[in-house]
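Colleague: Contents of protein-v1.txt (compact mmCIF, C-alpha atoms (C1' of nucleotides)) are given next:
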# COMPACT_ATOMS: atom_id res chain seq x y z
CA MET A 1 7.92 -1.07 -13.69
CA SER A 2 4.23 -1.24 -14.49
CA PHE A 3 1.50 0.15 -12.25
CA GLU A 4 -0.91 -2.24 -13.84
CA ILE A 5 1.02 -5.29 -12.66
CA SER A 6 1.88 -3.78 -9.25
CA PHE A 7 -1.68 -2.84 -8.37
CA LYS A 8 -3.04 -6.17 -9.55
CA ALA A 9 -0.44 -7.90 -7.37
CA LEU A 10 -1.51 -5.82 -4.37
CA SER A 11 -5.18 -6.61 -4.89
CA ASP A 12 -4.98 -10.05 -3.30
CA PRO A 13 -5.12 -10.28 0.53
CA ALA A 14 -2.74 -13.25 0.71
CA ARG A 15 -0.16 -11.31 -1.27
CA ARG A 16 -0.50 -8.25 0.96
CA GLU A 17 -0.06 -10.52 3.96
CA ILE A 18 3.13 -11.91 2.45
CA LEU A 19 4.48 -8.36 2.16
CA GLN A 20 3.62 -7.77 5.82
CA LEU A 21 5.51 -10.94 6.76
CA LEU A 22 8.57 -9.62 4.98
CA LYS A 23 8.49 -6.25 6.76
CA ASN A 24 11.03 -7.38 9.32
CA GLY A 25 13.37 -9.14 6.95
CA ARG A 26 13.72 -11.91 4.41
CA MET A 27 12.00 -15.26 4.79
CA SER A 28 12.18 -18.60 2.93
CA ALA A 29 9.31 -19.80 0.75
CA GLY A 30 8.65 -22.66 3.18
CA LYS A 31 8.49 -20.37 6.21
CA ILE A 32 6.11 -18.05 4.36
CA SER A 33 3.97 -21.05 3.43
CA GLN A 34 3.59 -22.06 7.07
CA HIS A 35 1.67 -18.84 7.79
CA PHE A 36 -1.11 -19.79 5.40
CA ALA A 37 -3.77 -22.48 5.15
CA MET A 38 -3.19 -22.89 1.41
CA THR A 39 -0.78 -25.32 -0.24
CA ALA A 40 2.87 -24.50 -0.89
CA ALA A 41 2.08 -24.56 -4.62
CA THR A 42 -0.45 -21.78 -4.21
CA VAL A 43 1.91 -19.70 -2.09
CA SER A 44 4.56 -20.22 -4.75
CA TYR A 45 2.11 -18.84 -7.32
CA HIS A 46 1.55 -15.73 -5.19
CA LEU A 47 5.30 -15.25 -4.74
CA LYS A 48 5.70 -15.40 -8.50
CA VAL A 49 3.05 -12.68 -8.95
CA LEU A 50 4.75 -10.44 -6.36
CA LYS A 51 8.13 -11.05 -8.00
CA LYS A 52 6.76 -10.18 -11.44
CA ALA A 53 5.44 -6.95 -9.92
CA ASP A 54 8.90 -6.21 -8.50
CA LEU A 55 7.43 -5.95 -5.03
CA ILE A 56 9.79 -8.66 -3.79
CA TRP A 57 13.01 -10.27 -4.95
CA GLU A 58 14.61 -13.62 -4.26
CA GLU A 59 18.00 -14.88 -3.12
CA LYS A 60 18.88 -18.54 -3.58
CA GLU A 61 20.99 -20.13 -0.87
CA LYS A 62 21.65 -23.86 -0.60
CA ASN A 63 18.32 -25.38 -1.56
CA PHE A 64 16.31 -22.60 0.06
CA ILE A 65 14.91 -19.55 -1.66
CA TYR A 66 14.65 -16.41 0.44
CA TYR A 67 12.28 -13.59 -0.44
CA ASP A 68 12.57 -9.97 0.58
CA LEU A 69 10.67 -6.70 0.10
CA ASN A 70 11.66 -4.32 -2.66
CA THR A 71 10.93 -0.97 -1.06
CA SER A 72 11.75 1.18 -4.08
CA ILE A 73 8.59 0.03 -5.86
CA LEU A 74 6.59 0.96 -2.78
CA GLU A 75 7.95 4.52 -3.13
CA GLU A 76 6.74 4.73 -6.72
CA ILE A 77 3.27 3.53 -5.82
CA MET A 78 3.08 5.96 -2.92
CA ALA A 79 4.00 8.77 -5.30
CA TRP A 80 0.92 7.85 -7.37
CA PHE A 81 -1.28 8.32 -4.30
CA GLU A 82 0.49 11.54 -3.32
CA ASP A 83 -0.21 12.99 -6.75
CA LEU A 84 -3.89 12.15 -6.52
CA LYS A 85 -4.16 13.75 -3.10
CA GLU A 86 -1.96 16.78 -3.75
CA ASN A 87 -3.86 18.25 -6.64
CA ARG A 88 -6.88 18.06 -4.42
CA THR A 89 -5.19 19.87 -1.54
CA ASN A 90 -4.41 22.84 -3.83
CA GLU A 91 -8.05 23.02 -4.85
CA LYS A 92 -8.65 26.52 -3.46
CA ARG A 93 -5.53 28.29 -4.68
CA MET B 94 -13.70 0.79 5.29
CA SER B 95 -12.16 -2.41 3.96
CA PHE B 96 -8.67 -2.67 2.49
CA GLU B 97 -9.79 -5.72 0.60
CA ILE B 98 -12.46 -3.80 -1.33
CA SER B 99 -10.31 -0.67 -1.77
CA PHE B 100 -7.30 -2.49 -3.19
CA LYS B 101 -9.46 -4.57 -5.51
CA ALA B 102 -11.10 -1.36 -6.72
CA LEU B 103 -7.68 0.17 -7.40
CA SER B 104 -6.51 -2.86 -9.35
CA ASP B 105 -8.34 -1.90 -12.55
CA PRO B 106 -6.68 0.66 -14.87
CA ALA B 107 -9.99 2.23 -15.94
CA ARG B 108 -10.90 2.82 -12.32
CA ARG B 109 -7.55 4.41 -11.57
CA GLU B 110 -8.02 6.65 -14.60
CA ILE B 111 -11.43 7.71 -13.28
CA LEU B 112 -9.77 8.77 -10.02
CA GLN B 113 -7.24 10.80 -12.02
CA LEU B 114 -10.08 12.51 -13.88
CA LEU B 115 -11.60 13.53 -10.56
CA LYS B 116 -8.35 15.02 -9.24
CA ASN B 117 -9.38 18.51 -10.27
CA GLY B 118 -12.95 18.33 -9.09
CA ARG B 119 -16.25 16.55 -9.47
CA MET B 120 -17.55 15.31 -12.82
CA SER B 121 -20.84 13.84 -14.04
CA ALA B 122 -21.12 10.18 -15.00
CA GLY B 123 -21.70 11.17 -18.62
CA LYS B 124 -18.63 13.41 -18.77
CA ILE B 125 -16.53 10.63 -17.24
CA SER B 126 -17.93 8.20 -19.80
CA GLN B 127 -16.78 10.42 -22.67
CA HIS B 128 -13.14 9.86 -21.71
CA PHE B 129 -13.39 6.13 -22.34
CA ALA B 130 -13.97 3.85 -25.30
CA MET B 131 -16.27 1.60 -23.29
CA THR B 132 -20.03 1.92 -22.97
CA ALA B 133 -21.74 4.09 -20.34
CA ALA B 134 -23.05 0.90 -18.71
CA THR B 135 -19.51 -0.35 -18.17
CA VAL B 136 -18.35 2.99 -16.79
CA SER B 137 -21.35 2.93 -14.47
CA TYR B 138 -20.22 -0.48 -13.23
CA HIS B 139 -16.73 0.89 -12.48
CA LEU B 140 -18.20 3.88 -10.67
CA LYS B 141 -20.21 1.50 -8.53
CA VAL B 142 -17.07 -0.43 -7.60
CA LEU B 143 -15.24 2.79 -6.67
CA LYS B 144 -18.22 3.95 -4.65
CA LYS B 145 -18.43 0.65 -2.78
CA ALA B 146 -14.74 1.09 -1.97
CA ASP B 147 -15.43 4.58 -0.63
CA LEU B 148 -12.89 6.01 -3.04
CA ILE B 149 -15.52 8.32 -4.53
CA TRP B 150 -18.93 9.64 -3.52
CA GLU B 151 -21.86 10.94 -5.50
CA GLU B 152 -24.08 14.02 -5.44
CA LYS B 153 -27.36 13.97 -7.34
CA GLU B 154 -28.41 17.22 -8.95
CA LYS B 155 -31.33 17.53 -11.38
CA ASN B 156 -31.01 14.37 -13.45
CA PHE B 157 -27.22 14.35 -13.34
CA ILE B 158 -25.06 12.44 -10.92
CA TYR B 159 -21.74 14.02 -10.02
CA TYR B 160 -18.85 11.99 -8.66
CA ASP B 161 -15.99 13.24 -6.56
CA LEU B 162 -12.85 11.85 -4.90
CA ASN B 163 -12.94 10.82 -1.26
CA THR B 164 -9.43 11.74 -0.14
CA SER B 165 -9.73 10.38 3.41
CA ILE B 166 -9.66 6.80 2.12
CA LEU B 167 -6.53 7.64 0.15
CA GLU B 168 -4.89 8.66 3.43
CA GLU B 169 -5.72 5.31 5.00
CA ILE B 170 -4.30 3.39 2.09
CA MET B 171 -1.15 5.48 2.09
CA ALA B 172 -0.75 4.72 5.79
CA TRP B 173 -0.69 1.01 4.90
CA PHE B 174 2.23 1.64 2.53
CA GLU B 175 4.00 3.88 5.04
CA ASP B 176 3.83 1.11 7.63
CA LEU B 177 5.33 -1.42 5.25
CA LYS B 178 8.16 0.90 4.33
CA GLU B 179 8.84 2.30 7.82
CA ASN B 180 9.59 -0.94 9.61
CA ARG B 181 12.08 -1.53 6.87
CA THR B 182 13.79 1.83 7.30
CA ASN B 183 14.39 1.07 11.01
CA GLU B 184 16.01 -2.22 10.06
CA LYS B 185 19.42 -1.39 11.55
CA ARG B 186 18.35 0.10 14.87
C1' DC C 187 24.57 -42.64 -7.12
C1' DT C 188 20.35 -42.65 -4.24
C1' DC C 189 17.45 -40.47 -1.17
C1' DC C 190 15.48 -36.52 1.21
C1' DT C 191 13.89 -31.89 1.51
C1' DA C 192 12.66 -27.33 -0.58
C1' DA C 193 10.38 -25.42 -3.88
C1' DT C 194 8.43 -24.83 -8.46
C1' DT C 195 5.77 -26.00 -12.70
C1' DA C 196 1.81 -28.19 -15.24
C1' DG C 197 -2.78 -28.91 -15.97
C1' DA C 198 -7.46 -28.79 -14.46
C1' DT C 199 -11.31 -26.58 -12.39
C1' DA C 200 -14.10 -23.29 -9.95
C1' DA C 201 -14.89 -18.65 -8.89
C1' DC C 202 -14.76 -13.99 -9.98
C1' DT C 203 -14.47 -9.91 -13.14
C1' DT C 204 -15.19 -7.17 -17.12
C1' DT C 205 -17.74 -6.08 -20.87
C1' DC C 206 -21.60 -5.88 -23.90
C1' DT C 207 -26.68 -5.14 -25.38
C1' DA C 208 -31.23 -4.39 -23.95
C1' DA C 209 -34.38 -2.85 -20.62
C1' DT C 210 -35.50 0.22 -16.82
C1' DT C 211 -35.71 4.30 -13.74
C1' DA C 212 -36.20 8.98 -12.91
C1' DG C 213 -36.13 14.09 -13.55
C1' DG C 214 -37.33 18.05 -16.46
C1' DA C 215 -39.41 20.32 -20.32
C1' DT C 216 -43.10 20.87 -23.69
C1' DA D 217 -49.42 13.04 -20.08
C1' DT D 218 -45.59 12.36 -23.35
C1' DC D 219 -41.05 12.71 -24.65
C1' DC D 220 -36.09 13.41 -24.03
C1' DT D 221 -31.82 12.89 -21.70
C1' DA D 222 -28.86 10.94 -17.97
C1' DA D 223 -27.80 7.20 -15.84
C1' DT D 224 -28.40 2.61 -13.83
C1' DT D 225 -29.65 -2.35 -13.58
C1' DA D 226 -30.18 -7.16 -15.53
C1' DG D 227 -28.53 -10.95 -17.77
C1' DA D 228 -25.26 -13.25 -20.66
C1' DA D 229 -20.69 -14.19 -22.67
C1' DA D 230 -15.76 -13.98 -22.54
C1' DG D 231 -11.66 -13.53 -20.09
C1' DT D 232 -8.87 -13.76 -15.95
C1' DT D 233 -7.44 -15.43 -11.43
C1' DA D 234 -6.86 -18.48 -7.46
C1' DT D 235 -6.62 -22.89 -5.98
C1' DC D 236 -5.79 -27.80 -5.88
C1' DT D 237 -3.25 -32.37 -6.86
C1' DA D 238 0.40 -34.54 -9.16
C1' DA D 239 4.73 -34.30 -11.33
C1' DT D 240 9.23 -32.21 -11.74
C1' DT D 241 13.64 -29.84 -10.66
C1' DA D 242 17.58 -29.18 -8.01
C1' DG D 243 20.82 -29.09 -4.02
C1' DG D 244 22.93 -31.59 -0.13
C1' DA D 245 23.88 -35.60 2.76
C1' DG D 246 24.87 -40.33 3.41
Would you kindly transcribe this structure into structure tokens?

Modeller:
Amino acid sequence: MSFEISFKALSDPARREILQLLKNGRMSAGKISQHFAMTAATVSYHLKVLKKADLIWEEKEKNFIYYDLNTSILEEIMAWFEDLKENRTNEKR
Amino acid sequence: MSFEISFKALSDPARREILQLLKNGRMSAGKISQHFAMTAATVSYHLKVLKKADLIWEEKEKNFIYYDLNTSILEEIMAWFEDLKENRTNEKR
DNA sequence: CTCCTAATTAGATAACTTTCTAATTAGGAT
DNA sequence: ATCCTAATTAGAAAGTTATCTAATTAGGAG
């Protein structure tokens, strides 16, 4: 896992919106595509970036590809924020 | 506050390192610069991006400019992650 | 085996980002 | 007033990213 790749992946609004779409369960690439004005090719590119960042994973089924959130990476990123905040909270010890 | 601008600001490793430097208190632009191989002008550019994202704020004092973390924005960003993770935890309700 | 549908990959282009050097601003000290 | 130090801004070059259209891959159905 690389913070560099994860944060870069999170920096695009379309990719964050994809993560939001997956909050309530897996969704096929085509269904995800329908939520956006951009082409399926562009959505596919964003899915690849999210996959490389381990923020999502895919399951192939028939000729569909389903994507789903990988919550364990979210935990690691949150820990980074916690650390930044915590040291600050203990400021006046 | 805009998630767009905050996440973009967080996507650069130098900028995340600046935030880490500020964990234990404010620091002048020059002192921050010393921690990096890049020029002061480049560091100044990164500070501007972080400031625009409200992740840091500045205090002018004599002819120094001190930067410090703005933890309230960190809270808001963490809430975004919490939301993403939470709906997933309740999956089997 | 041919056709359809789902999705990706390739290649090009435009837009945005990072970095540098050089110039500028501004406060304080002599 | 002049000079020094701290820091920023301007402008240019190089690198990276997002997007499109067109082509390709691959599974399933007839």

Colleague: Write out as a PyMOL selection string which residues come within 12 Å of A:Glu59 when counting only C-alpha atoms (C1' of nucleotides), dropping same-chain ones fewer than 3 positions away.

Modeller: chain A and resi 26-29+51+56+62-69

Colleague: Contacts of C:DA209 at 12 Å or less, counting only C-alpha atoms (C1' of nucleotides), minus same-chain residues fewer than 5 places along, as a ChimeraX atom specification?

Modeller: /D:224-227

Colleague: If we count all atoms listed in the file and set the cut-off at 9 Å, which residues sit around A:Leu50, ignoring sequence neighbours fewer than 2 positions away in its own chain? Please answer as a list in words.

Modeller: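 Within the cut-off, the hits are Ile5, Ser6, Ala9, Leu10, Arg15, Leu19, Tyr45, His46, Leu47, Lys48, Lys52, Ala53, Asp54, Leu55, Ile56 and Trp57 of chain A.
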
Colleague: Can you measure atom C1' of C:DT203 to atom CA of B:Leu114 for me? One decimal in Å is fine.

Modeller: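 These atoms are spaced 22.9 Å apart.
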
Colleague: Between atom C1' of C:DG213 and atom C1' of D:DA222, what is the distance, to one decimal in Å?

Modeller: 9.1 Å

Colleague: Near chain A, which residues of chain D fall within 9 Å when you count only C-alpha atoms (C1' of nucleotides), and what do they look like as a ChimeraX atom specification?

Modeller: /D:234-236,242-244

Colleague: Write out as number ranges by chain every residue belonging to chain A that has an atom at most 7 Å from any atom of chain B, counting only C-alpha atoms.

Modeller: A: 4, 7-8, 10-11, 13, 20, 23-24, 71, 74, 78, 81, 84-85, 87-88

Colleague: Could the residues in this selection be saved with C-alpha atoms as a PDB file, in the frame of the given file?

Modeller:
ATOM      1  CA  GLU A   4      -0.910  -2.240 -13.840  1.00  0.00           C
ATOM      2  CA  PHE A   7      -1.680  -2.840  -8.370  1.00  0.00           C
ATOM      3  CA  LYS A   8      -3.040  -6.170  -9.550  1.00  0.00           C
ATOM      4  CA  LEU A  10      -1.510  -5.820  -4.370  1.00  0.00           C
ATOM      5  CA  SER A  11      -5.180  -6.610  -4.890  1.00  0.00           C
ATOM      6  CA  PRO A  13      -5.120 -10.280   0.530  1.00  0.00           C
ATOM      7  CA  GLN A  20       3.620  -7.770   5.820  1.00  0.00           C
ATOM      8  CA  LYS A  23       8.490  -6.250   6.760  1.00  0.00           C
ATOM      9  CA  ASN A  24      11.030  -7.380   9.320  1.00  0.00           C
ATOM     10  CA  THR A  71      10.930  -0.970  -1.060  1.00  0.00           C
ATOM     11  CA  LEU A  74       6.590   0.960  -2.780  1.00  0.00           C
ATOM     12  CA  MET A  78       3.080   5.960  -2.920  1.00  0.00           C
ATOM     13  CA  PHE A  81      -1.280   8.320  -4.300  1.00  0.00           C
ATOM     14  CA  LEU A  84      -3.890  12.150  -6.520  1.00  0.00           C
ATOM     15  CA  LYS A  85      -4.160  13.750  -3.100  1.00  0.00           C
ATOM     16  CA  ASN A  87      -3.860  18.250  -6.640  1.00  0.00           C
ATOM     17  CA  ARG A  88      -6.880  18.060  -4.420  1.00  0.00           C
TER      18      ARG A  88
END

Colleague: I'd like the interatomic distance between atom CA of A:Ile18 and atom C1' of C:DT199, to a tenth of an Å.

Modeller: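 Rounded to one decimal, the two atoms are 25.4 Å apart.
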
Colleague: Return the neighbours of chain A among the residues of chain C, cut-off 10 Å, counting only C-alpha atoms (C1' of nucleotides), as a ChimeraX atom specification.

Modeller: /C:191-195

Colleague: Could you give me the axis-aligned bounding box of stretch 64-78 of chain A, with 4 Å of padding per side, as centre plus edge lengths in Å to one decimal, as lines of an AutoDock Vina configuration file?

Modeller:
center_x = 9.7
center_y = -8.3
center_z = -3.1
size_x = 21.2
size_y = 36.6
size_z = 15.3

Colleague: Taking only C-alpha atoms (C1' of nucleotides) into account, which of D:DA239, D:DG246, D:DT232, D:DA223 comes nearest C:DA201?

Modeller: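 Checking each of D:DA239, D:DG246, D:DT232, D:DA223 against C:DA201, counting only C-alpha atoms (C1' of nucleotides), the winner is D:DT232.
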